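This report refers to the structure that appears directly beneath it.
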Amino acid sequence: MRNAILDTSKDGMLESIKGFLKGLLEKELVNAVLVPVELPSGNNVVQTLVSNPEKLDAANPLAPVLPVNSARIISSITRTGSSQRKIAVVLRSCELRAVIELAKLKQVTLDNLLIIGIDCYGTYSINDYSNLAEEGKSPTDNALGNIKDGKEDELLREACQVCEYPAPLMTDLTIGMLGQDLGKELVLIARTEKGEELLEGLGLAAEDKSDAATKRETAVAKLLDKMKGIREKFFEQTKEEIGGADKLAAVFGPCIKCQNCRMACPVCYCRECFFVSPTFELEAEKYLGAAEKKGAMRMPTDTLLFHLTRMTHMAASCIGCGACEEACPNDIPLLKIFQLTGTNVQKLFNYIPGRSLDDELPPTAFKEDELEWIGEK
Amino acid sequence: MSDKYDPVIVGFFCNWCTSTAADLAGTSRMQYPANVRAIRTMCSGSVDPVYILRALLSGADAVIVGGCAPGDCHYVSGNYKTRRRIKALKTILNTLGLDDERVWLRWISASEGGKFAETMKEITEEMEKKGPNPLNKQWTV
């Protein structure tokens, strides 16, 4: 693990990171960079595939917003195979974990991708982000200001408030901010050969494990420790709020079965969803028959079935990015429900989504000697 | 429709074992309650949780999945996947405060007609004790 220091004292953090990314394109270490870029309107940033270094002027990987979990974007770029040319992708931890899950599902090809992970302090909802921007305040400055002052950021999405992975896991190169004196420097940590080649190519003096990297590790460990208690409380509360048939029916009451959550979820992996299949296009007689069973039937039908089925399919891979909740037009608290069930299923199989390519997906893997008591009395 | 509670149980039975055991129970004239609605599947591993959930949400009082004993799957490993899937489903139901004991998984081989009849008796009695599925009254799910 070689690492290098990126001096931020002269130009500031954002400009320094942009300079680093521009270097990658200018020195032709990569052919394109996938990175969040600010829209000219200023009210949102979008993931953008950039091939011309000049276009990186508006790049802003620090913007505290996650409009789309980029795993979906990387899947659309590489699903049918990777390009011969190299793409550097700048990802937050939750995006990267989803990318790893999709790679296991053969919906992402990792060849010729250079994964640059960036430490994440959390994100705002798209609405909060654009509201701030429209008030003339820079959301990025707002977020960085809070970090500098050590203040809790009230605008953070719930997913980010309970996130255990501020530090990305499976990167080639990590842009490390945690535990650093941000006005002075950042640490670039190469974790693979590919990452080391980047540092070399940019002519950055690399050393074996610097003090900065050690400081970052300590900061990450401290954050994780703090998060344990927070998550426990969060899960207890959630269980209280949603437990039982009545509460569950109430929580999912506002669902209009638009299926936005499914579209936004980076790990909802079926290419064709069962719920848009003809199975659910019934004849009039069938609808009437179904209505007669309970005397009345909610339309559109099968809203709870949809959510529970989605849960049984992707709970093991749920990385807790909260994209589902962001996409919900009726503010159903999907993140907490899916995080609670997801975490319990993951515990069952001792599985952490996005941790490693070697961990097999729980629904496809099995051991002969496990869960023996189930199936027998 | 009579008011007396008579459990409705949906069974998904593997073609190679439990379905054959059901036939054996029948041809041997074994008696068991007629509460189970049997559905033959090619493997217990082909029973997606969506079918189980749909039965429960539509008001079935229990679902039983019958497969070949571990090591005996006609398709080598289908039942190991069933086992993981059912356990995950039960974990989810339990987490959400729904009754996971309404989902049963049992290994019943083709020669075990007696065990089939016994198991159907057992699940029917258990569900009679438990009472109706509360989701049966929820028209909103």
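Following the order of the structure tokens, first chain is A, next is B, and so on, with residues numbered from 1 inside each chain and ligands from 1 in the order they appear.
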**Q.** chain A contacts to chain B at 8 Å (only C-alpha atoms) as a PyMOL selection string
**A.** chain A and resi 239+242-245+248-249+253+294-298+301-305+308-309+312+340-341+344-345+348+362-368+371+374-376
Save out the residues we just selected, C-alpha atoms, as a PDB file, in the first residue's frame.
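Printed below is selection_26.pdb as written:
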```pdb
ATOM      1  CA  LYS A 239     -38.459  -2.505  14.545  1.00  0.00           C
ATOM      2  CA  ILE A 242     -42.813  -1.183  11.404  1.00  0.00           C
ATOM      3  CA  GLY A 243     -43.301  -4.482  13.272  1.00  0.00           C
ATOM      4  CA  GLY A 244     -46.460  -6.488  12.655  1.00  0.00           C
ATOM      5  CA  ALA A 245     -49.064  -6.789   9.912  1.00  0.00           C
ATOM      6  CA  LEU A 248     -46.479  -2.778   7.965  1.00  0.00           C
ATOM      7  CA  ALA A 249     -49.684  -2.204   6.035  1.00  0.00           C
ATOM      8  CA  GLY A 253     -50.010   2.498   2.739  1.00  0.00           C
ATOM      9  CA  LYS A 294     -61.376 -10.813   1.047  1.00  0.00           C
ATOM     10  CA  GLY A 295     -64.482  -8.858   0.055  1.00  0.00           C
ATOM     11  CA  ALA A 296     -62.363  -5.965  -1.176  1.00  0.00           C
ATOM     12  CA  MET A 297     -59.040  -5.575  -2.931  1.00  0.00           C
ATOM     13  CA  ARG A 298     -56.681  -2.655  -3.002  1.00  0.00           C
ATOM     14  CA  THR A 301     -52.809  -4.839  -6.487  1.00  0.00           C
ATOM     15  CA  ASP A 302     -49.911  -6.477  -4.695  1.00  0.00           C
ATOM     16  CA  THR A 303     -48.119  -3.409  -3.335  1.00  0.00           C
ATOM     17  CA  LEU A 304     -46.820  -5.150  -0.208  1.00  0.00           C
ATOM     18  CA  LEU A 305     -46.058  -8.309  -2.188  1.00  0.00           C
ATOM     19  CA  LEU A 308     -41.470  -8.050   0.262  1.00  0.00           C
ATOM     20  CA  THR A 309     -40.468  -9.918  -2.882  1.00  0.00           C
ATOM     21  CA  THR A 312     -36.216 -11.426  -0.446  1.00  0.00           C
ATOM     22  CA  LEU A 340     -32.925  -3.649   8.937  1.00  0.00           C
ATOM     23  CA  THR A 341     -33.984  -6.736   7.001  1.00  0.00           C
ATOM     24  CA  ASN A 344     -30.300  -9.427   9.452  1.00  0.00           C
ATOM     25  CA  VAL A 345     -30.097 -11.563   6.310  1.00  0.00           C
ATOM     26  CA  LEU A 348     -27.303 -14.916   8.849  1.00  0.00           C
ATOM     27  CA  PRO A 362     -25.630 -15.936  -0.443  1.00  0.00           C
ATOM     28  CA  PRO A 363     -28.605 -16.948  -2.634  1.00  0.00           C
ATOM     29  CA  THR A 364     -26.396 -18.815  -5.100  1.00  0.00           C
ATOM     30  CA  ALA A 365     -23.886 -20.264  -2.658  1.00  0.00           C
ATOM     31  CA  PHE A 366     -24.494 -22.949  -0.051  1.00  0.00           C
ATOM     32  CA  LYS A 367     -22.698 -25.237   2.327  1.00  0.00           C
ATOM     33  CA  GLU A 368     -23.676 -28.827   2.915  1.00  0.00           C
ATOM     34  CA  LEU A 371     -28.788 -24.528   8.828  1.00  0.00           C
ATOM     35  CA  ILE A 374     -34.324 -26.082   9.162  1.00  0.00           C
ATOM     36  CA  GLY A 375     -36.414 -28.664   7.383  1.00  0.00           C
ATOM     37  CA  GLU A 376     -36.375 -30.966  10.397  1.00  0.00           C
TER      38      GLU A 376
END
```
Q: Just list the residues in chain B DSSP gives strand (DSSP E or B) on the backbone, as a ChimeraX atom specification.
A: /B:9-14,36-41,62-67,103-107
Q. What lies within 9 Å of Leu105 in chain A using only C-alpha atoms, ignoring chain neighbours under 5 positions off, as a list in words?
A.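 Skipping anything fewer than 5 positions along the chain leaves Ile100, Tyr269 and Leu361 of chain A.
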Who sits within 10 Å of Gly131 in chain B, only C-alpha atoms, same chain under 3 positions skipped, as a PDB file with C-alpha atoms, in the first residue's frame:
```pdb
ATOM      1  CA  TYR B   5     -61.974 -21.831  11.054  1.00  0.00           C
ATOM      2  CA  ASP B   6     -60.528 -24.445   8.798  1.00  0.00           C
ATOM      3  CA  PRO B   7     -56.869 -23.706   7.992  1.00  0.00           C
ATOM      4  CA  ASP B  61     -52.741 -19.756   6.936  1.00  0.00           C
ATOM      5  CA  GLU B 126     -50.469 -26.472  14.502  1.00  0.00           C
ATOM      6  CA  MET B 127     -52.406 -23.991  12.394  1.00  0.00           C
ATOM      7  CA  GLU B 128     -55.646 -24.874  14.135  1.00  0.00           C
ATOM      8  CA  PRO B 134     -54.005 -12.001  10.494  1.00  0.00           C
TER       9      PRO B 134
END
```
Q. Quick one: residues within 9 Å of Ile126 in chain A, only C-alpha atoms counted, chain neighbours fewer than 6 positions away excluded, as a list in words?
A.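 Selected residues are Asn43, Asn44, Val65, Leu66, Pro67 and Glu326 of chain A.
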Q) Restricting the calculation to only C-alpha atoms, which member of A:Glu95, A:Leu114, A:Val68, A:Tyr351 is positioned closest to Leu21 in chain A? A) A:Leu114
**Q.** Using only C-alpha atoms: which of A:Ile115, A:Leu357, A:Ala323, A:Leu188 has the shortest distance to Cys268 in chain A
**A.**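 Counting only C-alpha atoms, the residue closest to Cys268 in chain A is A:Ala323.
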